[in-house]
Amino acid sequence: MSRIRVGVVGAGMISQVEHIPNLLRLGELFELVGVADPSRISRQFVTDIHGIANFETIDQLFDQRLDAVVIGSPDPLHHEQVLAALALGLHVFCEKPLCYSLAEIAEIVAARDAARKIMQVGYMKRFDPSYRLALASLPGTSSTLRAVSVEVNDPDAWPFIAHQPYRRGTDIPKDMIAVVAAKQKRQVEYAIGVPVTKLAFRGFTGAYSSALIHDVNAVHGLLDALGVPDGEVVGAQIFANGDGGQGAVKLLDGQALWTMTHLTVPKLADYKERITLFFDDASLELEFPSPWLNHHPTRLTVTTSDGHTLSKKDLRAGYAEAFVEEMRGFWAAIVNGDPVVNPPEHAARDQELLLGLTWQHLATAPFD
């Protein structure tokens, strides 16, 4: 069995709570060499907890004879860091959103092809055992599909990581934060291509590209299993000061409608995330727990009826952790040549839809 030497870029929440513990848990597959982060507080905390090396810069990490890198840095840094890793001949796993613009993703696809390396995007729901079972348990076909519904209310991570060892890096220099913020502004303006209001900026980077993007990717996989082609954006609104994002996509020339809503409710310690597919005579529902909770399986329910007699069937696929399984998938793609789940082409498809939602919002509320 080949063991991969891997480094982690970014010692923030996703790396501290998920990626670093999971890579260590998969010690038979990965040798975790170290983590790079500009925050001394965060990177030293990781060292104190896990005993791994830490580095201030990405270049210092890349000098450690790596085979692969896991990128969990702030979103505006993904593009340059992925390209730098591929240029050095490293396999790359990068958290979502891969990039804000389709052009930047196209650059990554070209760099991946030139390097002939694995590039995987961090959509862990595709590895959820219940999601994978849902793909094999769809109670209808494209000809009977009537609607797809996505509903999410989310307080963000705070209620679900309080029991986890985590330390926020509060020592990053203000000028470095300003540089990243300016880079994000330029990237968003480039991606959208039209003047962007403050509300649209917050909604595009938050509710859409940071939150609903997971559900967009998951629904795309379900629609692919049904053979349903991509649809047409027919409605979108960003609301609640950018904490809320809503959209509607017409499918199959209007035979079906896909609606989606994400709302951050910052002071309500409750999380609900549901993806429901409605067919002529049945429904399938995935109810996800907060992604920060381990050992909380996603609930998969198929509902049918015989006249007035209703039948609800709960399907259980196991207790494997999606975040762990996506790392197994990354390893298997590198070592065994398994198909890459969530290549950058998938990220481009998802981002194209999110851009479409943002353009639709701007068309109806250009001066918000």
# chains A, B, ... in the order shown; residues from 1 in each chain; ligands from 1
>>> closest_atom_pairs(of="segment 296-366 of chain A", to="segment 252-262 of chain A", cutoff="12 Å", atoms="only C-alpha atoms", output="JSON lines")
{"residue": "A:Leu353", "atom": "CA", "partner": "A:Met260", "partner_atom": "CA", "distance": 11.9}
{"residue": "A:Leu354", "atom": "CA", "partner": "A:Met260", "partner_atom": "CA", "distance": 11.3}
{"residue": "A:Leu357", "atom": "CA", "partner": "A:Met260", "partner_atom": "CA", "distance": 10.6}
>>> residues_around(residues="segment 126-134 of chain A", least_positions_apart="4", cutoff="10 Å", atoms="only C-alpha atoms", output="MDAnalysis selection string")
chainID A and resid 122 138:139 214 217:219 221:222 225 284:288 297:302 315:329 341:342
>>> write_last_selection(atoms="N, CA and C atoms", output="compact mmCIF listing (two decimals), in the first residue's frame")
# COMPACT_ATOMS: atom_id res chain seq x y z
N GLY A 122 -13.39 19.85 -2.60
CA GLY A 122 -13.93 19.37 -1.34
C GLY A 122 -15.43 19.48 -1.18
N LEU A 138 -33.42 6.02 -6.17
CA LEU A 138 -34.35 7.03 -6.68
C LEU A 138 -35.67 6.38 -7.07
N PRO A 139 -36.81 6.84 -6.50
CA PRO A 139 -38.09 6.18 -6.72
C PRO A 139 -38.85 6.69 -7.94
N HIS A 214 -22.70 23.49 -1.77
CA HIS A 214 -22.72 22.07 -1.43
C HIS A 214 -23.98 21.40 -1.97
N ASN A 217 -24.03 21.15 -5.81
CA ASN A 217 -23.23 20.02 -6.27
C ASN A 217 -23.94 18.70 -6.03
N ALA A 218 -24.57 18.55 -4.86
CA ALA A 218 -25.27 17.31 -4.55
C ALA A 218 -26.46 17.09 -5.48
N VAL A 219 -27.23 18.15 -5.74
CA VAL A 219 -28.39 18.02 -6.64
C VAL A 219 -27.93 17.71 -8.06
N GLY A 221 -25.50 15.91 -8.89
CA GLY A 221 -25.25 14.47 -8.93
C GLY A 221 -26.53 13.66 -9.01
N LEU A 222 -27.56 14.08 -8.28
CA LEU A 222 -28.85 13.38 -8.33
C LEU A 222 -29.50 13.53 -9.70
N ALA A 225 -27.90 11.26 -12.15
CA ALA A 225 -28.34 9.87 -12.01
C ALA A 225 -29.68 9.65 -12.70
N LEU A 284 -38.21 11.39 -2.43
CA LEU A 284 -36.98 10.98 -1.77
C LEU A 284 -36.44 12.20 -1.04
N GLU A 285 -36.11 12.02 0.24
CA GLU A 285 -35.60 13.14 1.04
C GLU A 285 -34.31 12.76 1.73
N LEU A 286 -33.32 13.64 1.61
CA LEU A 286 -32.08 13.55 2.37
C LEU A 286 -32.10 14.66 3.40
N GLU A 287 -31.98 14.31 4.68
CA GLU A 287 -31.93 15.30 5.74
C GLU A 287 -30.54 15.21 6.39
N PHE A 288 -29.73 16.23 6.15
CA PHE A 288 -28.34 16.23 6.59
C PHE A 288 -28.22 16.86 7.97
N PRO A 297 -25.50 10.27 11.20
CA PRO A 297 -25.76 9.91 9.80
C PRO A 297 -26.89 10.72 9.19
N THR A 298 -26.75 10.97 7.91
CA THR A 298 -27.80 11.62 7.13
C THR A 298 -29.00 10.68 7.02
N ARG A 299 -30.18 11.26 7.20
CA ARG A 299 -31.39 10.45 7.11
C ARG A 299 -31.92 10.44 5.68
N LEU A 300 -32.12 9.24 5.15
CA LEU A 300 -32.64 9.06 3.80
C LEU A 300 -34.00 8.40 3.89
N THR A 301 -35.01 9.07 3.35
CA THR A 301 -36.39 8.57 3.44
C THR A 301 -37.01 8.55 2.05
N VAL A 302 -37.59 7.42 1.71
CA VAL A 302 -38.38 7.29 0.47
C VAL A 302 -39.83 7.12 0.86
N LEU A 315 -33.91 4.48 4.89
CA LEU A 315 -32.82 3.66 4.40
C LEU A 315 -31.53 4.07 5.12
N ARG A 316 -30.75 3.12 5.54
CA ARG A 316 -29.52 3.40 6.27
C ARG A 316 -28.36 2.71 5.57
N ALA A 317 -27.32 3.48 5.26
CA ALA A 317 -26.19 2.93 4.50
C ALA A 317 -24.97 2.69 5.36
N GLY A 318 -24.96 3.17 6.60
CA GLY A 318 -23.79 2.99 7.44
C GLY A 318 -23.42 4.28 8.15
N TYR A 319 -22.31 4.24 8.84
CA TYR A 319 -21.91 5.35 9.70
C TYR A 319 -20.56 5.97 9.29
N ALA A 320 -20.13 5.67 8.09
CA ALA A 320 -18.87 6.25 7.62
C ALA A 320 -18.99 7.77 7.54
N GLU A 321 -17.89 8.47 7.83
CA GLU A 321 -17.87 9.92 7.83
C GLU A 321 -17.53 10.45 6.43
N ALA A 322 -18.35 11.36 5.93
CA ALA A 322 -18.14 11.89 4.58
C ALA A 322 -16.78 12.56 4.46
N PHE A 323 -16.37 13.34 5.47
CA PHE A 323 -15.09 14.03 5.41
C PHE A 323 -13.92 13.03 5.36
N VAL A 324 -14.07 11.91 6.05
CA VAL A 324 -13.03 10.89 6.01
C VAL A 324 -13.03 10.18 4.67
N GLU A 325 -14.22 9.86 4.19
CA GLU A 325 -14.34 9.11 2.94
C GLU A 325 -13.82 9.91 1.75
N GLU A 326 -13.96 11.24 1.77
CA GLU A 326 -13.44 12.01 0.64
C GLU A 326 -11.91 11.96 0.61
N MET A 327 -11.28 11.84 1.77
CA MET A 327 -9.83 11.68 1.79
C MET A 327 -9.43 10.28 1.30
N ARG A 328 -10.22 9.28 1.65
CA ARG A 328 -9.98 7.96 1.08
C ARG A 328 -10.10 8.01 -0.45
N GLY A 329 -11.10 8.74 -0.93
CA GLY A 329 -11.28 8.87 -2.37
C GLY A 329 -10.12 9.58 -3.04
N VAL A 341 -13.77 11.85 -7.89
CA VAL A 341 -15.09 12.38 -7.55
C VAL A 341 -14.90 13.88 -7.30
N ASN A 342 -15.67 14.69 -8.00
CA ASN A 342 -15.58 16.14 -7.90
C ASN A 342 -14.27 16.71 -8.45
>>> select_by_dssp(residues="segment 111-195 of chain A", states="helix (DSSP H, G or I)", output="number ranges by chain")
A: 111-115, 124-127, 129-135, 158-161, 174-192
>>> write_last_selection(atoms="C-alpha atoms", output="compact mmCIF listing (two decimals), in the first residue's frame")
# COMPACT_ATOMS: atom_id res chain seq x y z
CA ALA A 111 -2.64 23.26 -15.21
CA ARG A 112 -3.92 19.91 -13.93
CA ASP A 113 -3.81 18.45 -17.42
CA ALA A 114 -0.29 19.77 -18.00
CA ALA A 115 0.93 18.41 -14.66
CA MET A 124 -17.85 15.89 1.03
CA LYS A 125 -21.59 15.22 0.54
CA ARG A 126 -20.79 13.16 -2.55
CA PHE A 127 -19.07 10.70 -0.18
CA PRO A 129 -23.10 6.93 2.57
CA SER A 130 -26.75 8.02 2.56
CA TYR A 131 -26.21 10.24 -0.47
CA ARG A 132 -24.57 7.39 -2.34
CA LEU A 133 -27.46 5.11 -1.39
CA ALA A 134 -29.90 7.78 -2.61
CA LEU A 135 -28.33 7.64 -6.07
CA TRP A 158 -20.43 27.69 16.61
CA PRO A 159 -22.96 25.34 18.28
CA PHE A 160 -21.36 22.28 16.73
CA ILE A 161 -17.65 22.80 17.39
CA LYS A 174 -4.15 43.70 9.36
CA ASP A 175 -2.33 44.49 6.13
CA MET A 176 -2.37 40.80 5.16
CA ILE A 177 -6.11 40.63 5.85
CA ALA A 178 -6.61 43.75 3.72
CA VAL A 179 -4.66 42.22 0.83
CA VAL A 180 -6.82 39.09 0.86
CA ALA A 181 -10.01 41.17 1.08
CA ALA A 182 -8.94 43.26 -1.91
CA LYS A 183 -8.09 40.11 -3.82
CA GLN A 184 -11.56 38.71 -3.09
CA LYS A 185 -13.19 41.92 -4.31
CA ARG A 186 -11.25 41.80 -7.59
CA GLN A 187 -12.03 38.11 -8.10
CA VAL A 188 -15.76 38.59 -7.51
CA GLU A 189 -15.94 41.59 -9.86
CA TYR A 190 -14.05 39.59 -12.49
CA ALA A 191 -16.32 36.57 -12.07
CA ILE A 192 -19.60 38.47 -12.22
>>> residues_around(residues="Leu98 of chain A", least_positions_apart="4", cutoff="12 Å", atoms="only C-alpha atoms", output="PyMOL selection string")
chain A and resi 71-83+92-94+102-109+119-123+205+209-210+213-214+342-351
>>> atom_distance(atom1="atom CA of Leu263 of chain A", atom2="atom CA of Gly247 of chain A")
12.1 Å
>>> residues_around(residues="Lys272 of chain A", least_positions_apart="4", cutoff="8 Å", atoms="only C-alpha atoms", output="PyMOL selection string")
chain A and resi 151-154+287-290
>>> closest_residue(among="A:Arg43, A:Arg146, A:His163, A:Arg3", to="Asn294 of chain A", atoms="only C-alpha atoms")
A:His163
>>> closest_residue(among="A:Val9, A:Phe201, A:Phe330, A:Lys313", to="Leu362 of chain A", atoms="only C-alpha atoms")
A:Phe201
>>> select_by_dssp(residues="segment 260-326 of chain A", states="strand (DSSP E)", output="count of residues only")
35
>>> atom_distance(atom1="atom CA of His361 of chain A", atom2="atom CA of Gly206 of chain A")
14.4 Å
>>> residues_around(residues="Ser42 of chain A", least_positions_apart="5", cutoff="9 Å", atoms="only C-alpha atoms", output="list in words")
Gly10, Ala11, Gly12, Gln16, Asp37, Thr47, Tyr166, Arg167, Arg168, Gly169, Thr170 and Asp171 of chain A
>>> closest_residue(among="A:Ala282, A:Ala157, A:Ala85, A:Leu277", to="Lys312 of chain A", atoms="only C-alpha atoms")
A:Ala282
>>> closest_residue(among="A:Val150, A:Val233, A:Leu355, A:Ala162", to="Glu273 of chain A", atoms="only C-alpha atoms")
A:Val150
>>> closest_residue(among="A:Ser311, A:Leu145, A:Ala363, A:Gly227", to="Lys250 of chain A", atoms="only C-alpha atoms")
A:Leu145
